[in-house]
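A short worksheet on the structure shown next.
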Amino acid sequence: MEDRGKLKETLSTFIIANHILAQHGIVDGFGHISVRNPDDPSRFFTTTGVSPALVSPSTIGEYTVEGAHPIPSNPGAPTLRLSPYSERFIHASLLARFPSVNAVIHSHSPIAVSFSVGNVPLRPVWHMAGFLEADGVRVWDIDEAYRAGQESGDDRVGEKHNLLVNNQRLGDSLAEAFAAPAGAREGAGEKGQGQGQGMETPRRQVVLQRGHGFAVVGRNLQEVVYRAVYTQENAKVLRDALSMGGADAVRYLTHEEVRDCLEMADGSWSKAWPLWAKEASVGALFQNQLSEG
């Protein structure tokens with residue numbers, strides 16, 4: 001039986017998450033976040049056809065994890081009148097590939113785009129960003145996915161090379177960039193995720209998308225928001241450090257520091273989230289009908 005209280009709480013947190021992301025500049029008119037349905041892991045929710053800061057219960061759509069198909073509203077629920085995001089396949093493919101992932105963010109952060117097209121890798125320099133790869137965040141180049149589809153004959157007729165992840169083949173290619181190397185189930189994934197359960201877990205928590213932005217995964221909404229915020233903040237710190245002395249003068253976190261900072265920061269969102277939620281709640285655009293009553 002579905003726990004309607006748990007579902008309402010999840011969707012209320014989802015609305016808050018959208019506003020926090022907007023306040024931190026992770027999303028603006030574009031970008032999106034998703035959350036797995038706590039009552040049915042084969043489904044997920046994301047906003048539909050509106051900017052994140054304008055989210056409301058009537059603009060939250062539900063989709064299947066397999067195939068990203070829209071699910072009709074339940075009787076009595078608000079009728080969804082807006083078109084689904086074409087890039088919902090980012091969320092569907094990551095949620096399908098990794099059962100331990102319950103929330104996904106896609107951002108067009110300009111500074112992330114800069115690191116996705118330049119020759120300096122985005123590496124962690126700040127202890128708050130120990131979830132980033134020590135040797136540099138992987139850059140997924142959609143052009144390689146286009147060419148792979150053409151070579152295999154699996155590309156869609158007339159597929160537009162507009163960098164949008166707007167079909168399952170492209171979504172699955174992006175999800176592959178998060179995966180552990182062949183032959184390694186756990187890779188460098190998070191401690192405890194999927195151990196003994198035969199589940200594939202992500203080796204990477206963040207992947208840059210060349211000329212587009214980045215995608216980030218988490219076990220819950222609070223964690224994925226924390227990671228998105230500090231991915232962008234670490235990029236800003238690194239940019240400033242590079243401007244002061246060049247790449248050779250920057251002190252990056254070591255592999256050991258990344259490992260221990262990741263452990264240290266595990267659950268750190270619990271301190272930041274109440275502040276971020278309060279800051280978002282006093283914004284001019286904030287409304288959350290699901291938190292009322």
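By convention here, the chains of the structure tokens are called A, B, ... in the order presented, each chain's residues are numbered starting at 1, and ligands are numbered starting at 1 in the order presented.
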Backbone-only DSSP, helix (DSSP H, G or I) members of range 45-255 of chain A, as a PDB file with N, CA and C atoms, in the first residue's frame:
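Below is the file that was written, states_2.pdb:
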```pdb
ATOM      1  N   PRO A  52      12.446  25.755 -13.237  1.00  0.00           N
ATOM      2  CA  PRO A  52      12.441  25.150 -11.902  1.00  0.00           C
ATOM      3  C   PRO A  52      11.830  26.023 -10.808  1.00  0.00           C
ATOM      4  N   ALA A  53      12.087  27.326 -10.821  1.00  0.00           N
ATOM      5  CA  ALA A  53      11.585  28.192  -9.755  1.00  0.00           C
ATOM      6  C   ALA A  53      10.079  28.412  -9.837  1.00  0.00           C
ATOM      7  N   LEU A  54       9.449  27.940 -10.903  1.00  0.00           N
ATOM      8  CA  LEU A  54       7.999  28.085 -11.058  1.00  0.00           C
ATOM      9  C   LEU A  54       7.269  26.772 -10.826  1.00  0.00           C
ATOM     10  N   PRO A  57       2.665  21.679  -7.724  1.00  0.00           N
ATOM     11  CA  PRO A  57       2.182  20.301  -7.855  1.00  0.00           C
ATOM     12  C   PRO A  57       1.619  19.983  -9.233  1.00  0.00           C
ATOM     13  N   SER A  58       0.995  20.968  -9.876  1.00  0.00           N
ATOM     14  CA  SER A  58       0.381  20.706 -11.181  1.00  0.00           C
ATOM     15  C   SER A  58       1.393  20.649 -12.316  1.00  0.00           C
ATOM     16  N   THR A  59       2.653  21.016 -12.044  1.00  0.00           N
ATOM     17  CA  THR A  59       3.681  20.957 -13.090  1.00  0.00           C
ATOM     18  C   THR A  59       4.710  19.863 -12.812  1.00  0.00           C
ATOM     19  N   ARG A  88      14.242  14.286 -20.394  1.00  0.00           N
ATOM     20  CA  ARG A  88      13.919  13.398 -19.275  1.00  0.00           C
ATOM     21  C   ARG A  88      14.685  12.083 -19.355  1.00  0.00           C
ATOM     22  N   PHE A  89      15.258  11.778 -20.523  1.00  0.00           N
ATOM     23  CA  PHE A  89      16.033  10.546 -20.689  1.00  0.00           C
ATOM     24  C   PHE A  89      17.325  10.577 -19.880  1.00  0.00           C
ATOM     25  N   ILE A  90      17.842  11.762 -19.562  1.00  0.00           N
ATOM     26  CA  ILE A  90      18.987  11.845 -18.653  1.00  0.00           C
ATOM     27  C   ILE A  90      18.632  11.160 -17.343  1.00  0.00           C
ATOM     28  N   HIS A  91      17.487  11.516 -16.808  1.00  0.00           N
ATOM     29  CA  HIS A  91      17.054  11.004 -15.515  1.00  0.00           C
ATOM     30  C   HIS A  91      16.680   9.526 -15.599  1.00  0.00           C
ATOM     31  N   ALA A  92      15.913   9.184 -16.612  1.00  0.00           N
ATOM     32  CA  ALA A  92      15.460   7.801 -16.740  1.00  0.00           C
ATOM     33  C   ALA A  92      16.632   6.839 -16.879  1.00  0.00           C
ATOM     34  N   SER A  93      17.597   7.178 -17.710  1.00  0.00           N
ATOM     35  CA  SER A  93      18.714   6.265 -17.952  1.00  0.00           C
ATOM     36  C   SER A  93      19.589   6.107 -16.716  1.00  0.00           C
ATOM     37  N   LEU A  94      19.825   7.186 -15.990  1.00  0.00           N
ATOM     38  CA  LEU A  94      20.639   7.086 -14.780  1.00  0.00           C
ATOM     39  C   LEU A  94      19.913   6.321 -13.681  1.00  0.00           C
ATOM     40  N   LEU A  95      18.630   6.559 -13.517  1.00  0.00           N
ATOM     41  CA  LEU A  95      17.859   5.837 -12.510  1.00  0.00           C
ATOM     42  C   LEU A  95      17.732   4.363 -12.859  1.00  0.00           C
ATOM     43  N   ALA A  96      17.653   4.057 -14.149  1.00  0.00           N
ATOM     44  CA  ALA A  96      17.563   2.661 -14.575  1.00  0.00           C
ATOM     45  C   ALA A  96      18.893   1.943 -14.391  1.00  0.00           C
ATOM     46  N   ARG A  97      19.981   2.619 -14.686  1.00  0.00           N
ATOM     47  CA  ARG A  97      21.305   1.997 -14.625  1.00  0.00           C
ATOM     48  C   ARG A  97      21.750   1.748 -13.185  1.00  0.00           C
ATOM     49  N   PRO A 110      27.184  27.865 -16.336  1.00  0.00           N
ATOM     50  CA  PRO A 110      28.174  28.368 -17.298  1.00  0.00           C
ATOM     51  C   PRO A 110      29.609  27.980 -16.961  1.00  0.00           C
ATOM     52  N   ILE A 111      29.967  27.996 -15.683  1.00  0.00           N
ATOM     53  CA  ILE A 111      31.347  27.655 -15.353  1.00  0.00           C
ATOM     54  C   ILE A 111      31.622  26.176 -15.594  1.00  0.00           C
ATOM     55  N   ALA A 112      30.603  25.339 -15.428  1.00  0.00           N
ATOM     56  CA  ALA A 112      30.767  23.922 -15.757  1.00  0.00           C
ATOM     57  C   ALA A 112      30.954  23.748 -17.260  1.00  0.00           C
ATOM     58  N   VAL A 113      30.218  24.523 -18.039  1.00  0.00           N
ATOM     59  CA  VAL A 113      30.390  24.471 -19.494  1.00  0.00           C
ATOM     60  C   VAL A 113      31.818  24.861 -19.865  1.00  0.00           C
ATOM     61  N   SER A 114      32.363  25.871 -19.194  1.00  0.00           N
ATOM     62  CA  SER A 114      33.738  26.294 -19.481  1.00  0.00           C
ATOM     63  C   SER A 114      34.721  25.148 -19.285  1.00  0.00           C
ATOM     64  N   PHE A 115      34.582  24.423 -18.188  1.00  0.00           N
ATOM     65  CA  PHE A 115      35.489  23.301 -17.935  1.00  0.00           C
ATOM     66  C   PHE A 115      35.211  22.123 -18.866  1.00  0.00           C
ATOM     67  N   SER A 116      34.012  22.066 -19.428  1.00  0.00           N
ATOM     68  CA  SER A 116      33.691  20.959 -20.337  1.00  0.00           C
ATOM     69  C   SER A 116      34.294  21.146 -21.720  1.00  0.00           C
ATOM     70  N   VAL A 117      34.697  22.375 -22.056  1.00  0.00           N
ATOM     71  CA  VAL A 117      35.224  22.650 -23.399  1.00  0.00           C
ATOM     72  C   VAL A 117      36.686  23.089 -23.390  1.00  0.00           C
ATOM     73  N   HIS A 127      37.824  20.982   0.203  1.00  0.00           N
ATOM     74  CA  HIS A 127      37.421  19.793   0.959  1.00  0.00           C
ATOM     75  C   HIS A 127      35.917  19.542   0.894  1.00  0.00           C
ATOM     76  N   MET A 128      35.148  20.546   0.527  1.00  0.00           N
ATOM     77  CA  MET A 128      33.700  20.369   0.401  1.00  0.00           C
ATOM     78  C   MET A 128      33.324  19.594  -0.856  1.00  0.00           C
ATOM     79  N   ALA A 129      34.278  19.377  -1.739  1.00  0.00           N
ATOM     80  CA  ALA A 129      33.992  18.725  -3.025  1.00  0.00           C
ATOM     81  C   ALA A 129      34.747  17.410  -3.171  1.00  0.00           C
ATOM     82  N   ILE A 142      28.951  14.232 -26.394  1.00  0.00           N
ATOM     83  CA  ILE A 142      27.807  13.653 -27.086  1.00  0.00           C
ATOM     84  C   ILE A 142      28.122  13.353 -28.547  1.00  0.00           C
ATOM     85  N   ASP A 143      29.122  14.037 -29.105  1.00  0.00           N
ATOM     86  CA  ASP A 143      29.492  13.766 -30.493  1.00  0.00           C
ATOM     87  C   ASP A 143      29.927  12.315 -30.665  1.00  0.00           C
ATOM     88  N   GLU A 144      30.579  11.767 -29.659  1.00  0.00           N
ATOM     89  CA  GLU A 144      30.986  10.364 -29.730  1.00  0.00           C
ATOM     90  C   GLU A 144      29.767   9.452 -29.756  1.00  0.00           C
ATOM     91  N   ALA A 145      28.722   9.837 -29.025  1.00  0.00           N
ATOM     92  CA  ALA A 145      27.488   9.047 -29.039  1.00  0.00           C
ATOM     93  C   ALA A 145      26.785   9.157 -30.386  1.00  0.00           C
ATOM     94  N   TYR A 146      26.806  10.352 -30.975  1.00  0.00           N
ATOM     95  CA  TYR A 146      26.231  10.501 -32.313  1.00  0.00           C
ATOM     96  C   TYR A 146      26.947   9.588 -33.303  1.00  0.00           C
ATOM     97  N   ARG A 147      28.283   9.624 -33.277  1.00  0.00           N
ATOM     98  CA  ARG A 147      29.062   8.833 -34.237  1.00  0.00           C
ATOM     99  C   ARG A 147      28.907   7.339 -33.986  1.00  0.00           C
ATOM    100  N   ALA A 148      28.820   6.951 -32.709  1.00  0.00           N
ATOM    101  CA  ALA A 148      28.627   5.535 -32.398  1.00  0.00           C
ATOM    102  C   ALA A 148      27.286   5.044 -32.930  1.00  0.00           C
ATOM    103  N   GLY A 149      26.265   5.893 -32.835  1.00  0.00           N
ATOM    104  CA  GLY A 149      24.960   5.519 -33.361  1.00  0.00           C
ATOM    105  C   GLY A 149      24.963   5.392 -34.865  1.00  0.00           C
ATOM    106  N   GLN A 150      25.686   6.277 -35.524  1.00  0.00           N
ATOM    107  CA  GLN A 150      25.779   6.210 -36.982  1.00  0.00           C
ATOM    108  C   GLN A 150      26.510   4.954 -37.433  1.00  0.00           C
ATOM    109  N   GLU A 151      27.580   4.612 -36.732  1.00  0.00           N
ATOM    110  CA  GLU A 151      28.360   3.438 -37.112  1.00  0.00           C
ATOM    111  C   GLU A 151      27.600   2.144 -36.881  1.00  0.00           C
ATOM    112  N   SER A 152      26.761   2.123 -35.848  1.00  0.00           N
ATOM    113  CA  SER A 152      26.004   0.908 -35.540  1.00  0.00           C
ATOM    114  C   SER A 152      24.676   0.843 -36.276  1.00  0.00           C
ATOM    115  N   GLN A 168      16.580   7.663 -25.589  1.00  0.00           N
ATOM    116  CA  GLN A 168      17.146   6.701 -24.642  1.00  0.00           C
ATOM    117  C   GLN A 168      18.571   6.304 -25.003  1.00  0.00           C
ATOM    118  N   ARG A 169      18.888   6.225 -26.272  1.00  0.00           N
ATOM    119  CA  ARG A 169      20.246   5.844 -26.673  1.00  0.00           C
ATOM    120  C   ARG A 169      21.266   6.845 -26.140  1.00  0.00           C
ATOM    121  N   LEU A 170      20.949   8.123 -26.250  1.00  0.00           N
ATOM    122  CA  LEU A 170      21.853   9.150 -25.737  1.00  0.00           C
ATOM    123  C   LEU A 170      21.876   9.153 -24.210  1.00  0.00           C
ATOM    124  N   GLY A 171      20.719   8.946 -23.602  1.00  0.00           N
ATOM    125  CA  GLY A 171      20.671   8.862 -22.143  1.00  0.00           C
ATOM    126  C   GLY A 171      21.497   7.711 -21.611  1.00  0.00           C
ATOM    127  N   ASP A 172      21.400   6.563 -22.277  1.00  0.00           N
ATOM    128  CA  ASP A 172      22.180   5.396 -21.851  1.00  0.00           C
ATOM    129  C   ASP A 172      23.674   5.635 -22.031  1.00  0.00           C
ATOM    130  N   SER A 173      24.047   6.368 -23.072  1.00  0.00           N
ATOM    131  CA  SER A 173      25.455   6.688 -23.284  1.00  0.00           C
ATOM    132  C   SER A 173      25.982   7.577 -22.159  1.00  0.00           C
ATOM    133  N   LEU A 174      25.189   8.554 -21.744  1.00  0.00           N
ATOM    134  CA  LEU A 174      25.588   9.404 -20.626  1.00  0.00           C
ATOM    135  C   LEU A 174      25.692   8.588 -19.344  1.00  0.00           C
ATOM    136  N   ALA A 175      24.727   7.711 -19.107  1.00  0.00           N
ATOM    137  CA  ALA A 175      24.764   6.871 -17.906  1.00  0.00           C
ATOM    138  C   ALA A 175      26.006   5.995 -17.882  1.00  0.00           C
ATOM    139  N   GLU A 176      26.430   5.536 -19.053  1.00  0.00           N
ATOM    140  CA  GLU A 176      27.632   4.712 -19.141  1.00  0.00           C
ATOM    141  C   GLU A 176      28.853   5.480 -18.638  1.00  0.00           C
ATOM    142  N   ALA A 177      28.863   6.793 -18.836  1.00  0.00           N
ATOM    143  CA  ALA A 177      29.996   7.605 -18.387  1.00  0.00           C
ATOM    144  C   ALA A 177      30.117   7.626 -16.867  1.00  0.00           C
ATOM    145  N   PHE A 178      29.026   7.353 -16.171  1.00  0.00           N
ATOM    146  CA  PHE A 178      29.048   7.286 -14.707  1.00  0.00           C
ATOM    147  C   PHE A 178      29.483   5.916 -14.190  1.00  0.00           C
ATOM    148  N   LEU A 221      17.382  13.625  -2.483  1.00  0.00           N
ATOM    149  CA  LEU A 221      17.325  14.988  -3.016  1.00  0.00           C
ATOM    150  C   LEU A 221      18.329  15.912  -2.338  1.00  0.00           C
ATOM    151  N   GLN A 222      18.452  15.780  -1.029  1.00  0.00           N
ATOM    152  CA  GLN A 222      19.365  16.662  -0.313  1.00  0.00           C
ATOM    153  C   GLN A 222      20.810  16.437  -0.751  1.00  0.00           C
ATOM    154  N   GLU A 223      21.191  15.185  -0.912  1.00  0.00           N
ATOM    155  CA  GLU A 223      22.565  14.884  -1.306  1.00  0.00           C
ATOM    156  C   GLU A 223      22.866  15.376  -2.714  1.00  0.00           C
ATOM    157  N   VAL A 224      21.953  15.166  -3.636  1.00  0.00           N
ATOM    158  CA  VAL A 224      22.224  15.568  -5.018  1.00  0.00           C
ATOM    159  C   VAL A 224      22.284  17.090  -5.142  1.00  0.00           C
ATOM    160  N   VAL A 225      21.470  17.802  -4.366  1.00  0.00           N
ATOM    161  CA  VAL A 225      21.533  19.265  -4.374  1.00  0.00           C
ATOM    162  C   VAL A 225      22.870  19.736  -3.802  1.00  0.00           C
ATOM    163  N   TYR A 226      23.293  19.143  -2.694  1.00  0.00           N
ATOM    164  CA  TYR A 226      24.595  19.480  -2.100  1.00  0.00           C
ATOM    165  C   TYR A 226      25.714  19.299  -3.118  1.00  0.00           C
ATOM    166  N   ARG A 227      25.692  18.195  -3.821  1.00  0.00           N
ATOM    167  CA  ARG A 227      26.748  17.923  -4.800  1.00  0.00           C
ATOM    168  C   ARG A 227      26.708  18.909  -5.959  1.00  0.00           C
ATOM    169  N   ALA A 228      25.525  19.254  -6.410  1.00  0.00           N
ATOM    170  CA  ALA A 228      25.427  20.218  -7.509  1.00  0.00           C
ATOM    171  C   ALA A 228      25.980  21.577  -7.086  1.00  0.00           C
ATOM    172  N   VAL A 229      25.605  22.017  -5.889  1.00  0.00           N
ATOM    173  CA  VAL A 229      26.070  23.316  -5.399  1.00  0.00           C
ATOM    174  C   VAL A 229      27.589  23.339  -5.298  1.00  0.00           C
ATOM    175  N   TYR A 230      28.180  22.290  -4.716  1.00  0.00           N
ATOM    176  CA  TYR A 230      29.631  22.323  -4.499  1.00  0.00           C
ATOM    177  C   TYR A 230      30.430  21.905  -5.723  1.00  0.00           C
ATOM    178  N   THR A 231      29.790  21.303  -6.704  1.00  0.00           N
ATOM    179  CA  THR A 231      30.457  21.152  -8.002  1.00  0.00           C
ATOM    180  C   THR A 231      30.701  22.528  -8.603  1.00  0.00           C
ATOM    181  N   GLN A 232      29.671  23.350  -8.581  1.00  0.00           N
ATOM    182  CA  GLN A 232      29.797  24.698  -9.134  1.00  0.00           C
ATOM    183  C   GLN A 232      30.746  25.556  -8.299  1.00  0.00           C
ATOM    184  N   GLU A 233      30.648  25.475  -6.972  1.00  0.00           N
ATOM    185  CA  GLU A 233      31.509  26.292  -6.117  1.00  0.00           C
ATOM    186  C   GLU A 233      32.973  25.882  -6.248  1.00  0.00           C
ATOM    187  N   ASN A 234      33.246  24.579  -6.335  1.00  0.00           N
ATOM    188  CA  ASN A 234      34.624  24.125  -6.536  1.00  0.00           C
ATOM    189  C   ASN A 234      35.166  24.639  -7.870  1.00  0.00           C
ATOM    190  N   ALA A 235      34.314  24.650  -8.892  1.00  0.00           N
ATOM    191  CA  ALA A 235      34.741  25.158 -10.201  1.00  0.00           C
ATOM    192  C   ALA A 235      35.106  26.638 -10.115  1.00  0.00           C
ATOM    193  N   LYS A 236      34.356  27.402  -9.336  1.00  0.00           N
ATOM    194  CA  LYS A 236      34.657  28.828  -9.174  1.00  0.00           C
ATOM    195  C   LYS A 236      35.993  29.024  -8.458  1.00  0.00           C
ATOM    196  N   VAL A 237      36.216  28.252  -7.392  1.00  0.00           N
ATOM    197  CA  VAL A 237      37.478  28.361  -6.658  1.00  0.00           C
ATOM    198  C   VAL A 237      38.649  27.987  -7.562  1.00  0.00           C
ATOM    199  N   LEU A 238      38.486  26.912  -8.330  1.00  0.00           N
ATOM    200  CA  LEU A 238      39.556  26.486  -9.229  1.00  0.00           C
ATOM    201  C   LEU A 238      39.827  27.542 -10.297  1.00  0.00           C
ATOM    202  N   ARG A 239      38.778  28.117 -10.850  1.00  0.00           N
ATOM    203  CA  ARG A 239      38.957  29.184 -11.842  1.00  0.00           C
ATOM    204  C   ARG A 239      39.753  30.343 -11.250  1.00  0.00           C
ATOM    205  N   ASP A 240      39.421  30.737 -10.022  1.00  0.00           N
ATOM    206  CA  ASP A 240      40.135  31.839  -9.383  1.00  0.00           C
ATOM    207  C   ASP A 240      41.596  31.477  -9.136  1.00  0.00           C
ATOM    208  N   ALA A 241      41.836  30.242  -8.699  1.00  0.00           N
ATOM    209  CA  ALA A 241      43.211  29.812  -8.439  1.00  0.00           C
ATOM    210  C   ALA A 241      44.024  29.781  -9.727  1.00  0.00           C
ATOM    211  N   LEU A 242      43.409  29.321 -10.804  1.00  0.00           N
ATOM    212  CA  LEU A 242      44.101  29.282 -12.097  1.00  0.00           C
ATOM    213  C   LEU A 242      44.461  30.685 -12.570  1.00  0.00           C
ATOM    214  N   SER A 243      43.586  31.641 -12.309  1.00  0.00           N
ATOM    215  CA  SER A 243      43.841  33.017 -12.749  1.00  0.00           C
ATOM    216  C   SER A 243      44.988  33.659 -11.979  1.00  0.00           C
ATOM    217  N   MET A 244      45.302  33.110 -10.810  1.00  0.00           N
ATOM    218  CA  MET A 244      46.374  33.678  -9.990  1.00  0.00           C
ATOM    219  C   MET A 244      47.749  33.136 -10.340  1.00  0.00           C
ATOM    220  N   GLY A 245      47.793  31.939 -10.954  1.00  0.00           N
ATOM    221  CA  GLY A 245      49.132  31.415 -11.198  1.00  0.00           C
ATOM    222  C   GLY A 245      49.244  30.341 -12.238  1.00  0.00           C
ATOM    223  N   ALA A 247      47.854  26.546 -14.135  1.00  0.00           N
ATOM    224  CA  ALA A 247      47.542  25.192 -13.694  1.00  0.00           C
ATOM    225  C   ALA A 247      48.646  24.584 -12.844  1.00  0.00           C
ATOM    226  N   ASP A 248      49.903  24.873 -13.158  1.00  0.00           N
ATOM    227  CA  ASP A 248      51.018  24.264 -12.434  1.00  0.00           C
ATOM    228  C   ASP A 248      51.138  24.786 -11.008  1.00  0.00           C
ATOM    229  N   ALA A 249      50.533  25.932 -10.734  1.00  0.00           N
ATOM    230  CA  ALA A 249      50.648  26.535  -9.407  1.00  0.00           C
ATOM    231  C   ALA A 249      49.508  26.139  -8.475  1.00  0.00           C
ATOM    232  N   HIS A 255      44.658  12.059  -3.789  1.00  0.00           N
ATOM    233  CA  HIS A 255      43.721  10.934  -3.797  1.00  0.00           C
ATOM    234  C   HIS A 255      43.290  10.588  -2.375  1.00  0.00           C
TER     235      HIS A 255
END
```
Check your understanding: Could you pull out the strand (DSSP E) residues of range 21-112 of chain A from DSSP and send them as an NGL selection string?
Key -> :A and (32-36 or 43-47 or 60-64 or 103-107)
Go through range 12-49 of chain A residue by residue and, counting only C-alpha atoms, keep those with an atom at most 12 Å from range 196-218 of chain A; for each kept residue give the shortest atom pair and its distance in Å to one decimal, ordered by chain and increasing number, as CSV.
```
residue,atom,partner,partner_atom,distance
A:Ile26,CA,A:Gly213,CA,9.9
A:Val27,CA,A:Gly213,CA,10.4
A:Phe30,CA,A:Gly213,CA,10.8
A:Gly31,CA,A:Gly213,CA,9.1
A:His32,CA,A:Ala215,CA,9.8
A:Ile33,CA,A:Val216,CA,9.5
A:Ser34,CA,A:Val217,CA,9.8
A:Val35,CA,A:Gly218,CA,9.6
A:Arg36,CA,A:Gly218,CA,10.8
```
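The coordinates place CA of Leu11 in chain A at 28.4 Å from CA of Met264 in chain A.
Around Arg219 in chain A, within 9 Å and counting only C-alpha atoms, the residues found are Ser100, Val101, Asn102, Ala103, Val104 and Val224 of chain A, once anything fewer than 5 positions away on its own chain is removed.
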I need the residues from that last selection saved to file as a CSV table (one decimal), in the first residue's frame (with N, CA and C atoms), if you can.
```
chain,number,residue,atom,x,y,z
A,100,SER,N,20.8,2.4,-6.8
A,100,SER,CA,21.2,3.1,-5.6
A,100,SER,C,21.0,4.6,-5.8
A,101,VAL,N,20.8,5.1,-7.0
A,101,VAL,CA,20.6,6.5,-7.3
A,101,VAL,C,19.1,6.8,-7.2
A,102,ASN,N,18.7,7.8,-6.4
A,102,ASN,CA,17.3,8.2,-6.3
A,102,ASN,C,17.0,9.6,-6.7
A,103,ALA,N,18.0,10.3,-7.1
A,103,ALA,CA,17.8,11.7,-7.5
A,103,ALA,C,18.9,12.1,-8.5
A,104,VAL,N,18.5,12.9,-9.5
A,104,VAL,CA,19.4,13.3,-10.6
A,104,VAL,C,19.2,14.8,-10.8
A,224,VAL,N,22.0,15.2,-3.6
A,224,VAL,CA,22.2,15.6,-5.0
A,224,VAL,C,22.3,17.1,-5.1
```
Spatial neighbours of range 22-24 of chain A, max dist 9 Å, only C-alpha atoms, sep filter under 4 positions, as a PDB file with C-alpha atoms, in the first residue's frame:
```
ATOM      1  CA  ALA A  17      15.044  21.502  -4.051  1.00  0.00           C
ATOM      2  CA  ASN A  18      14.029  23.286  -7.254  1.00  0.00           C
ATOM      3  CA  ASP A  28      17.731  29.255 -14.274  1.00  0.00           C
ATOM      4  CA  GLY A  29      15.136  29.080 -17.022  1.00  0.00           C
ATOM      5  CA  PRO A  52      12.441  25.150 -11.902  1.00  0.00           C
ATOM      6  CA  ALA A  53      11.585  28.192  -9.755  1.00  0.00           C
ATOM      7  CA  VAL A 229      26.070  23.316  -5.399  1.00  0.00           C
ATOM      8  CA  TRP A 276      19.188  26.641   2.110  1.00  0.00           C
ATOM      9  CA  GLU A 279      16.699  31.068   2.332  1.00  0.00           C
ATOM     10  CA  ALA A 280      14.705  29.718  -0.607  1.00  0.00           C
ATOM     11  CA  GLY A 283      12.280  34.271  -2.164  1.00  0.00           C
TER      12      GLY A 283
END
```
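Atom pair CA of Val125 in chain A / CA of Ala265 in chain A has a distance of 14.4 Å (rounded to one decimal).
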Review point. Any idea what's packed within 10 Å of Ile15 in chain A, counting only C-alpha atoms, ignoring anything in its chain fewer than 5 positions away? Could you give it as number ranges by chain?
Key: A: 9-10, 20, 33, 46-47, 52-57, 60, 286-291
Practice item. Would you mind listing what lies within 12 Å of Ile71 in chain A as a PyMOL selection string, with only C-alpha atoms counted and same-chain residues fewer than 5 positions away left out? Key: chain A and resi 42-46+60-66+79-80+84
